[in-house]
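Asks: This one is protein.cif, mmCIF, C-alpha atoms.
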data_work
loop_
_atom_site.label_atom_id
_atom_site.label_comp_id
_atom_site.auth_asym_id
_atom_site.auth_seq_id
_atom_site.Cartn_x
_atom_site.Cartn_y
_atom_site.Cartn_z
CA MET A 1 188.11 -57.53 98.64
CA THR A 2 184.38 -57.96 99.08
CA GLY A 3 181.74 -56.35 96.94
CA SER A 4 180.96 -53.87 99.72
CA ASP A 5 184.65 -52.85 99.83
CA THR A 6 184.82 -52.08 96.10
CA PRO A 7 184.98 -48.31 95.62
CA SER A 8 182.10 -46.95 93.56
CA ALA A 9 182.91 -45.18 90.32
CA THR A 10 182.76 -41.38 90.51
CA PRO A 11 179.95 -40.12 88.28
CA PRO A 12 181.01 -37.74 85.49
CA SER A 13 180.49 -34.05 86.19
CA PHE A 14 180.16 -30.97 83.99
CA ARG A 15 181.74 -27.62 84.83
CA LEU A 16 180.10 -24.58 83.26
CA ALA A 17 181.85 -21.21 83.47
CA TYR A 18 179.87 -17.99 83.18
CA VAL A 19 180.72 -14.31 83.24
CA PRO A 20 178.96 -11.65 85.37
CA GLY A 21 175.60 -10.57 83.96
CA VAL A 22 174.91 -13.89 82.23
CA THR A 23 172.17 -15.97 83.86
CA PRO A 24 172.45 -19.72 83.10
CA THR A 25 169.51 -20.68 85.36
CA LYS A 26 167.08 -21.90 82.68
CA TRP A 27 169.68 -24.10 80.96
CA VAL A 28 170.91 -25.52 84.28
CA ARG A 29 167.33 -26.45 85.19
CA VAL A 30 166.89 -28.38 81.93
CA TRP A 31 170.24 -30.11 82.52
CA HIS A 32 169.10 -31.38 85.95
CA GLU A 33 165.82 -32.61 84.43
CA ARG A 34 167.53 -34.55 81.63
CA LEU A 35 170.71 -35.69 83.37
CA PRO A 36 169.84 -35.96 87.08
CA ASP A 37 172.80 -38.28 87.73
CA THR A 38 175.39 -35.93 86.21
CA PRO A 39 176.36 -33.04 88.53
CA LEU A 40 176.73 -29.59 86.97
CA GLU A 41 179.13 -27.18 88.67
CA LEU A 42 178.89 -23.44 87.99
CA VAL A 43 182.15 -21.48 87.87
CA GLN A 44 181.93 -17.67 87.81
CA VAL A 45 184.84 -16.06 86.02
CA PRO A 46 185.78 -12.45 85.09
CA PRO A 47 185.22 -11.74 81.38
CA ALA A 48 188.90 -11.21 80.67
CA GLU A 49 189.83 -14.61 82.17
CA ALA A 50 187.07 -16.76 80.65
CA GLY A 51 188.97 -17.74 77.51
CA ARG A 52 192.08 -18.78 79.41
CA LEU A 53 190.02 -20.79 81.91
CA LEU A 54 188.41 -22.80 79.11
CA ALA A 55 191.67 -23.30 77.22
CA ASP A 56 193.37 -24.57 80.39
CA GLY A 57 190.58 -27.07 81.13
CA GLY A 58 189.13 -25.20 84.10
CA ALA A 59 185.64 -25.82 82.69
CA GLU A 60 184.14 -27.96 79.95
CA ALA A 61 182.20 -25.02 78.48
CA GLY A 62 181.38 -21.42 79.30
CA LEU A 63 178.86 -18.65 78.75
CA VAL A 64 181.20 -15.87 77.74
CA ARG A 65 181.32 -12.53 75.97
CA LEU A 66 182.69 -12.38 72.45
CA PRO A 67 185.24 -12.19 70.97
CA VAL A 68 187.14 -15.39 71.85
CA ASP A 69 190.25 -16.90 70.31
CA ARG A 70 188.76 -19.03 67.52
CA ASP A 71 192.09 -20.83 67.04
CA VAL A 72 191.61 -22.37 70.49
CA LEU A 73 187.90 -22.18 71.27
CA SER A 74 184.67 -22.96 69.46
CA ALA A 75 181.72 -20.64 70.04
CA ILE A 76 178.01 -20.38 69.31
CA PRO A 77 176.65 -16.80 69.55
CA LEU A 78 173.48 -16.77 71.66
CA TYR A 79 172.24 -13.18 71.89
CA THR A 80 173.27 -9.52 71.76
CA GLU A 81 172.71 -7.22 74.71
CA THR A 82 171.44 -3.66 74.66
CA THR A 83 173.93 -1.09 75.93
CA VAL A 84 172.60 1.31 78.58
CA VAL A 85 173.88 4.31 80.47
CA VAL A 86 173.73 4.07 84.27
CA ILE A 87 172.77 7.42 85.83
CA PRO A 88 171.38 8.83 89.10
CA LYS A 89 167.58 8.87 89.25
CA ASP A 90 167.53 12.68 89.35
CA HIS A 91 169.75 13.05 86.26
CA ALA A 92 168.38 15.15 83.40
CA VAL A 93 168.83 12.25 80.96
CA THR A 94 166.04 10.32 82.71
CA ALA A 95 163.50 12.55 80.94
CA ALA A 96 164.16 10.61 77.71
CA GLU A 97 163.34 6.98 76.97
CA GLU A 98 166.51 6.58 74.90
CA VAL A 99 169.84 8.37 74.84
CA ALA A 100 172.10 9.18 71.87
CA LEU A 101 175.86 9.28 72.29
CA PRO A 102 176.04 13.06 71.56
CA ASP A 103 173.72 13.57 74.57
CA LEU A 104 176.61 12.43 76.78
CA ALA A 105 179.18 14.82 75.29
CA ASP A 106 179.39 16.92 78.46
CA GLU A 107 179.32 13.98 80.87
CA ILE A 108 182.28 12.32 82.55
CA VAL A 109 182.01 8.77 81.22
CA LEU A 110 183.64 6.20 83.50
CA HIS A 111 185.67 3.49 81.79
CA PRO A 112 186.38 0.59 84.21
CA LEU A 113 189.30 -1.77 83.61
CA ASP A 114 186.92 -4.71 83.16
CA ASP A 115 184.80 -2.93 80.54
CA VAL A 116 183.31 -5.44 78.06
CA LEU A 117 182.36 -2.95 75.32
CA ASP A 118 184.64 -2.49 72.32
CA TRP A 119 184.99 1.28 72.05
CA GLU A 120 186.80 2.97 69.19
CA THR A 121 186.27 6.35 70.83
CA LEU A 122 184.76 6.67 74.29
CA PRO A 123 181.98 9.29 74.38
CA GLY A 124 181.91 12.22 76.79
CA ARG A 125 184.81 13.38 78.90
CA PRO A 126 187.28 10.91 80.44
CA ALA A 127 187.64 10.55 84.19
CA LEU A 128 191.00 11.21 85.86
CA GLU A 129 191.41 7.51 86.60
CA ARG A 130 189.84 4.30 85.37
CA PRO A 131 187.86 2.45 88.07
CA ALA A 132 189.22 -1.01 88.84
CA SER A 133 185.87 -2.73 88.19
CA THR A 134 182.33 -2.18 87.02
CA ALA A 135 181.17 -2.44 90.64
CA ASP A 136 183.54 0.41 91.61
CA ALA A 137 182.30 2.48 88.66
CA VAL A 138 178.68 2.04 89.79
CA GLU A 139 179.66 3.38 93.23
CA LEU A 140 181.18 6.45 91.57
CA VAL A 141 177.99 7.01 89.56
CA ALA A 142 176.00 6.94 92.80
CA ALA A 143 178.44 9.50 94.22
CA GLY A 144 177.76 11.83 91.28
CA VAL A 145 181.24 11.51 89.76
CA GLY A 146 180.11 10.45 86.28
CA VAL A 147 178.00 8.06 84.22
CA LEU A 148 178.67 4.50 83.05
CA LEU A 149 177.86 2.59 79.86
CA VAL A 150 177.44 -1.18 80.24
CA PRO A 151 175.40 -4.09 78.83
CA GLN A 152 171.90 -4.06 80.33
CA SER A 153 172.50 -7.28 82.30
CA LEU A 154 175.35 -5.63 84.21
CA ALA A 155 173.18 -2.64 85.00
CA ARG A 156 170.64 -5.04 86.49
CA LEU A 157 173.32 -7.01 88.31
CA HIS A 158 174.61 -3.85 90.03
CA HIS A 159 171.17 -2.33 90.61
CA ARG A 160 170.83 0.36 93.26
CA LYS A 161 167.68 2.14 94.40
CA ASP A 162 169.25 5.55 93.74
CA LEU A 163 170.30 4.69 90.17
CA THR A 164 168.50 3.92 86.92
CA TYR A 165 169.50 3.39 83.28
CA ARG A 166 168.45 4.23 79.73
CA PRO A 167 169.21 2.49 76.38
CA VAL A 168 171.94 4.18 74.34
CA LEU A 169 171.56 4.43 70.57
CA GLU A 170 174.46 3.49 68.26
CA ALA A 171 176.70 2.34 71.11
CA PRO A 172 178.85 -0.80 70.86
CA GLU A 173 177.00 -3.92 72.02
CA SER A 174 178.12 -7.05 73.84
CA ARG A 175 177.43 -10.51 72.38
CA VAL A 176 177.10 -13.54 74.63
CA ALA A 177 178.14 -16.97 73.36
CA LEU A 178 178.50 -20.57 74.47
CA SER A 179 182.15 -21.51 74.09
CA TRP A 180 184.26 -24.64 74.64
CA PRO A 181 187.78 -25.89 73.79
CA GLN A 182 188.19 -27.13 70.24
CA GLU A 183 188.36 -30.92 70.25
CA GLU A 184 187.58 -33.66 67.73
CA PRO A 185 185.13 -35.10 68.46
CA THR A 186 183.30 -32.73 70.80
CA PRO A 187 182.91 -34.39 74.25
CA ASP A 188 179.50 -35.96 74.91
CA LEU A 189 178.58 -33.73 77.85
CA VAL A 190 179.43 -30.60 75.85
CA GLU A 191 177.18 -31.90 73.05
CA GLU A 192 174.44 -32.38 75.64
CA PHE A 193 174.70 -28.76 76.79
CA ILE A 194 174.86 -27.47 73.21
CA GLY A 195 171.60 -29.31 72.55
CA ILE A 196 169.98 -27.76 75.63
CA VAL A 197 171.09 -24.24 74.72
CA ARG A 198 169.86 -24.70 71.13
CA GLY A 199 166.48 -25.91 72.37
CA ARG A 200 166.69 -29.49 71.15
CA THR A 201 164.07 -31.75 72.66
CA VAL A 202 164.98 -34.80 74.72
CA ASN A 203 163.98 -37.03 71.76
CA SER A 204 166.18 -35.21 69.27
CA THR A 205 168.39 -37.45 67.15
CA ARG A 206 171.30 -35.10 67.87
CA GLY A 207 173.34 -35.69 71.01
CA ARG A 208 174.24 -38.70 73.14
CA ALA A 209 171.14 -38.67 75.33
CA ALA A 210 168.68 -38.94 72.48
CA THR A 211 166.11 -41.67 73.18
CA PRO A 212 163.38 -43.02 70.91
CA PRO A 213 159.89 -41.65 71.62
CA GLN A 214 157.74 -43.97 73.72
CA PRO A 215 154.12 -44.71 72.70
CA SER A 216 151.39 -43.23 74.86
CA ALA A 217 148.94 -45.38 76.84
CA LYS A 218 146.27 -44.65 74.24
CA GLU A 219 148.56 -45.76 71.42
CA LYS A 220 149.48 -48.94 73.32
CA ALA A 221 145.79 -49.80 73.86
CA LYS A 222 145.05 -49.19 70.19
CA ALA A 223 147.91 -51.45 69.12
CA LYS A 224 146.74 -54.19 71.52
CA ALA A 225 143.20 -54.00 70.16
CA LYS A 226 144.54 -54.22 66.61
CA ARG A 227 146.55 -57.33 67.45
CA SER A 228 143.50 -58.90 69.14
CA GLY A 229 141.34 -58.13 66.11
CA THR A 230 143.94 -59.64 63.79
CA ALA A 231 144.00 -62.87 65.83
CA THR A 232 140.19 -63.12 65.83
CA GLY A 233 140.04 -62.55 62.09
CA SER A 234 142.65 -65.26 61.54
CA ALA A 235 140.63 -67.78 63.59
CA ARG A 236 137.48 -66.99 61.62
CA LYS A 237 139.36 -67.42 58.36
CA GLN A 238 140.65 -70.83 59.46
CA ALA A 239 137.12 -71.93 60.47
CA ALA A 240 135.71 -70.84 57.12
CA THR A 241 138.45 -72.75 55.29
CA GLY A 242 137.60 -75.87 57.29
CA ARG A 243 133.92 -75.65 56.35
CA ARG A 244 134.79 -75.32 52.68
CA ALA A 245 136.91 -78.45 53.05
CA GLY A 246 133.89 -80.44 54.24
CA THR A 247 133.80 -79.89 57.98
CA PRO A 248 130.30 -78.83 59.06
CA LYS A 249 130.03 -76.20 61.75
CA GLY A 250 130.24 -77.97 65.11
CA GLY A 251 130.42 -81.48 63.44
CA LYS A 252 132.98 -84.06 62.38
CA PRO A 253 134.74 -84.10 59.06
CA THR A 254 132.61 -85.63 56.31
CA GLY A 255 135.42 -86.36 53.94
CA LYS A 256 138.03 -84.71 51.85
CA ALA A 257 136.69 -82.09 49.54
CA THR A 258 137.62 -82.62 45.91
CA GLY A 259 136.22 -79.44 44.56
CA LYS A 260 134.42 -81.45 41.77
CA ARG A 261 130.70 -82.20 41.48
CA GLY A 262 129.90 -85.98 40.96
CA LYS A 263 127.76 -87.38 38.13
CA PRO A 264 124.14 -88.27 38.99
CA ARG A 265 123.46 -91.99 39.44
CA GLY A 266 121.31 -93.70 36.88
CA ARG A 267 118.02 -95.17 37.92
#
As structure tokens - that is how I would like this structure written.
Replies:
Amino acid sequence: MTGSDTPSATPPSFRLAYVPGVTPTKWVRVWHERLPDTPLELVQVPPAEAGRLLADGGAEAGLVRLPVDRDVLSAIPLYTETTVVVIPKDHAVTAAEEVALPDLADEIVLHPLDDVLDWETLPGRPALERPASTADAVELVAAGVGVLLVPQSLARLHHRKDLTYRPVLEAPESRVALSWPQEEPTPDLVEEFIGIVRGRTVNSTRGRAATPPQPSAKEKAKAKAKRSGTATGSARKQAATGRRAGTPKGGKPTGKATGKRGKPRGR
């Protein structure tokens, strides 16, 4: 087999799962800047299936909504989202900048099957049926059937021109985290992404891709000048030592210096 026939090694890749509403764009951009030779594949997954996908090896890491099974997965909480109520633009609630849960007591509050909020008691009045998804619930809100409480990112994801939203006080909130299967040690590429999410610089001592900082052109020039000055000073020192030993400047040696002054000759 010739060298041209030898199959090239497949470069390692990194699969990142993410749930609806989470935007990984900024972290993916940094990944491509730091590891241009390592492909990153995005895998969108429903919130309820994210933990199982990671545990089964369907992705190396994921941007998920808490809670996760901490016996199987590690997780770093990233941020907490504001909960909002999605309403028609002509709804009376739009007169306020914020909404309290008692303000929704007379409203039909839709509770989709993929709801990501941990409710002890759902506010308002229940609908006759639970919508299959958040997207279906948004359609019902637009039809005037009821209102919907979701994390703000999902309200933005399902934005419609005829709908708006308002923050809801004292409602359950959704926390987003970076999660990955528990392994010892943590795989290198997962460590790389953890560093990116945590804002570590490319020269950080943490992580596999850490590289020592390189001197700037100005610093290199300064170091070169210092070395040149050291060499010049050494040459001058050697010349001065030679003169003290009896070698006149620009002349031949006159003899070995003894360091002692001779006695004057008698007349």
Asks: Can you give me, as a list in words, the residues this file yields under the PyMOL selection byres ((chain A and resi 122) around 12)?
Replies: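 On this input, the PyMOL selection byres ((chain A and resi 122) around 12) captures Leu101, Pro102, Leu104, Ala105, Glu107, Ile108, Val109, Leu110, His111, Pro112, Asp115, Leu117, Asp118, Trp119, Glu120, Thr121, Pro123, Gly124, Arg125, Pro126, Ala127, Leu148, Leu149, Ala171 and Pro172 of chain A.
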Asks: Work out how far CA of Asp56 (chain A) is from CA of Arg130 (chain A), in Å to one decimal.
Replies: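 It comes out at 29.5 Å.
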Asks: Which residue out of A:Pro88, A:Pro20, A:Gly62, A:Pro36 has the minimum interatomic distance to Thr134 (chain A) when all atoms listed in the file are used?
Replies: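 Of A:Pro88, A:Pro20, A:Gly62, A:Pro36, the one nearest Thr134 (chain A) is A:Pro20, counting all atoms listed in the file.
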Asks: Expanded to explicit residues, what is the PyMOL selection byres ((chain A and resi 89) around 10) for this file, as a list in words?
Replies: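 Answer for the PyMOL selection byres ((chain A and resi 89) around 10): Val86, Ile87, Pro88, Asp90, His91, Ala92, Val93, Thr94, Ala95, Ala142, Arg160, Lys161, Asp162, Leu163, Thr164 and Tyr165 of chain A.
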Asks: CA of Gly199 (chain A) to CA of Leu178 (chain A): how many Å, to one decimal?
Replies: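 That distance, rounded to one decimal, is 13.3 Å.
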Asks: Any idea what the distance is between CA of Gly51 (chain A) and CA of Val68 (chain A)?
Replies: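 So the answer is 6.4 Å.
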Asks: My list of candidates is A:Leu63, A:Ala96, A:Leu73, A:Ala50. Which is closest to Trp180 (chain A) when distances are computed with all atoms listed in the file?
Replies: A:Leu73
Asks: Step by step, gather every atom of region 71-75 of chain A that the file lists, find the box along x, y and z that holds them, add 3 Å on each side, and finally give centre and edge lengths in Å to one decimal, as AutoDock Vina command-line options.
Replies:
--center_x 186.9 --center_y -21.8 --center_z 69.2 --size_x 16.4 --size_y 8.3 --size_z 10.2
Asks: Which residue, A:Ser13, A:Ala132, A:His32, A:Ala61, has the smallest gap to Glu191 (chain A) when you use all atoms listed in the file?
Replies: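 Nearest candidate to Glu191 (chain A) out of A:Ser13, A:Ala132, A:His32, A:Ala61: A:Ala61.
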Asks: Using all atoms listed in the file, what residues lie at most 12 Å away from (187.8, -25.0, 78.9) (file coordinates), given as a PyMOL selection string?
Replies: chain A and resi 14-18+43+45+49-64+68+72-75+178-183+187+190
Asks: Leaving out Val168 (chain A) and any residue of its chain fewer than 3 positions from it, which residues lie within 8 Å of it when counting all atoms listed in the file, given as a list in words?
Replies: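 Listed by chain and then number, they are Thr82, Thr83, Val84, Val85, Glu98, Val99, Ala100, Leu101 and Ala171 of chain A.
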Asks: Evaluate the PyMOL selection byres ((chain A and resi 77) around 6) on the structure here and hand back the selected residues as a list in words.
Replies: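 That selection, the PyMOL selection byres ((chain A and resi 77) around 6), comes back as Ile76, Leu78 and Ala177 of chain A.
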Asks: Leaving out Ser174 (chain A) and any residue of its chain fewer than 2 positions from it, which residues lie within 7 Å of it when counting only C-alpha atoms, given as a list of chain:residue names?
Replies: A:Arg65, A:Thr80, A:Glu81, A:Val116, A:Leu117, A:Pro151, A:Pro172, A:Val176
Asks: Hey, could you patch up region 85-96 of chain A with all heavy atoms and hand it over as a short mmCIF file (atom, residue, chain, number, x, y, z; two decimals), keeping the file's coordinate frame?
Replies:
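Wrote part.cif, looks like this:
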data_model
loop_
_atom_site.label_atom_id
_atom_site.label_comp_id
_atom_site.auth_asym_id
_atom_site.auth_seq_id
_atom_site.Cartn_x
_atom_site.Cartn_y
_atom_site.Cartn_z
N VAL A 85 173.09 3.40 79.66
CA VAL A 85 173.88 4.31 80.47
C VAL A 85 173.29 4.32 81.88
O VAL A 85 172.08 4.47 82.06
CB VAL A 85 173.91 5.74 79.89
CG1 VAL A 85 172.51 6.33 79.71
CG2 VAL A 85 174.78 6.66 80.74
N VAL A 86 174.14 4.08 82.86
CA VAL A 86 173.73 4.07 84.27
C VAL A 86 173.89 5.48 84.82
O VAL A 86 174.97 6.08 84.72
CB VAL A 86 174.58 3.08 85.08
CG1 VAL A 86 174.13 3.07 86.54
CG2 VAL A 86 174.47 1.68 84.48
N ILE A 87 172.81 6.02 85.38
CA ILE A 87 172.77 7.42 85.83
C ILE A 87 172.00 7.52 87.15
O ILE A 87 171.20 6.64 87.48
CB ILE A 87 172.07 8.30 84.77
CG1 ILE A 87 170.76 7.63 84.32
CG2 ILE A 87 172.98 8.56 83.57
CD1 ILE A 87 169.97 8.40 83.31
N PRO A 88 172.21 8.60 87.92
CA PRO A 88 171.38 8.83 89.10
C PRO A 88 169.92 9.06 88.70
O PRO A 88 169.64 9.52 87.58
CB PRO A 88 171.99 10.09 89.72
CG PRO A 88 173.39 10.14 89.19
CD PRO A 88 173.32 9.56 87.81
N LYS A 89 169.01 8.73 89.58
CA LYS A 89 167.58 8.87 89.25
C LYS A 89 167.16 10.31 89.01
O LYS A 89 166.14 10.56 88.35
CB LYS A 89 166.74 8.25 90.37
CG LYS A 89 166.66 6.74 90.29
CD LYS A 89 165.60 6.18 91.22
CE LYS A 89 165.39 4.69 90.98
NZ LYS A 89 164.36 4.12 91.87
N ASP A 90 167.90 11.28 89.55
CA ASP A 90 167.53 12.68 89.35
C ASP A 90 168.30 13.33 88.20
O ASP A 90 168.28 14.55 88.03
CB ASP A 90 167.76 13.47 90.65
CG ASP A 90 169.20 13.41 91.13
OD1 ASP A 90 170.01 12.70 90.50
OD2 ASP A 90 169.53 14.07 92.15
N HIS A 91 168.98 12.52 87.38
CA HIS A 91 169.75 13.05 86.26
C HIS A 91 168.80 13.55 85.17
O HIS A 91 167.73 12.98 84.95
CB HIS A 91 170.67 11.97 85.71
CG HIS A 91 171.77 12.48 84.84
ND1 HIS A 91 171.56 12.90 83.53
CD2 HIS A 91 173.10 12.65 85.07
CE1 HIS A 91 172.70 13.29 82.99
NE2 HIS A 91 173.66 13.15 83.91
N ALA A 92 169.21 14.56 84.45
CA ALA A 92 168.38 15.15 83.40
C ALA A 92 168.09 14.15 82.27
O ALA A 92 167.03 14.22 81.62
CB ALA A 92 169.07 16.39 82.83
N VAL A 93 168.99 13.21 82.03
CA VAL A 93 168.83 12.25 80.96
C VAL A 93 167.61 11.35 81.19
O VAL A 93 167.05 10.80 80.24
CB VAL A 93 170.11 11.41 80.81
CG1 VAL A 93 169.90 10.22 79.89
CG2 VAL A 93 171.24 12.28 80.28
N THR A 94 167.17 11.21 82.42
CA THR A 94 166.04 10.32 82.71
C THR A 94 164.74 10.81 82.07
O THR A 94 163.77 10.04 81.99
CB THR A 94 165.82 10.20 84.23
OG1 THR A 94 165.58 11.51 84.79
CG2 THR A 94 167.04 9.59 84.91
N ALA A 95 164.71 12.04 81.59
CA ALA A 95 163.50 12.55 80.94
C ALA A 95 163.26 11.87 79.59
O ALA A 95 162.14 11.90 79.07
CB ALA A 95 163.61 14.07 80.76
N ALA A 96 164.28 11.28 79.02
CA ALA A 96 164.16 10.61 77.71
C ALA A 96 164.08 9.11 77.90
O ALA A 96 164.60 8.55 78.87
CB ALA A 96 165.35 10.98 76.83
#
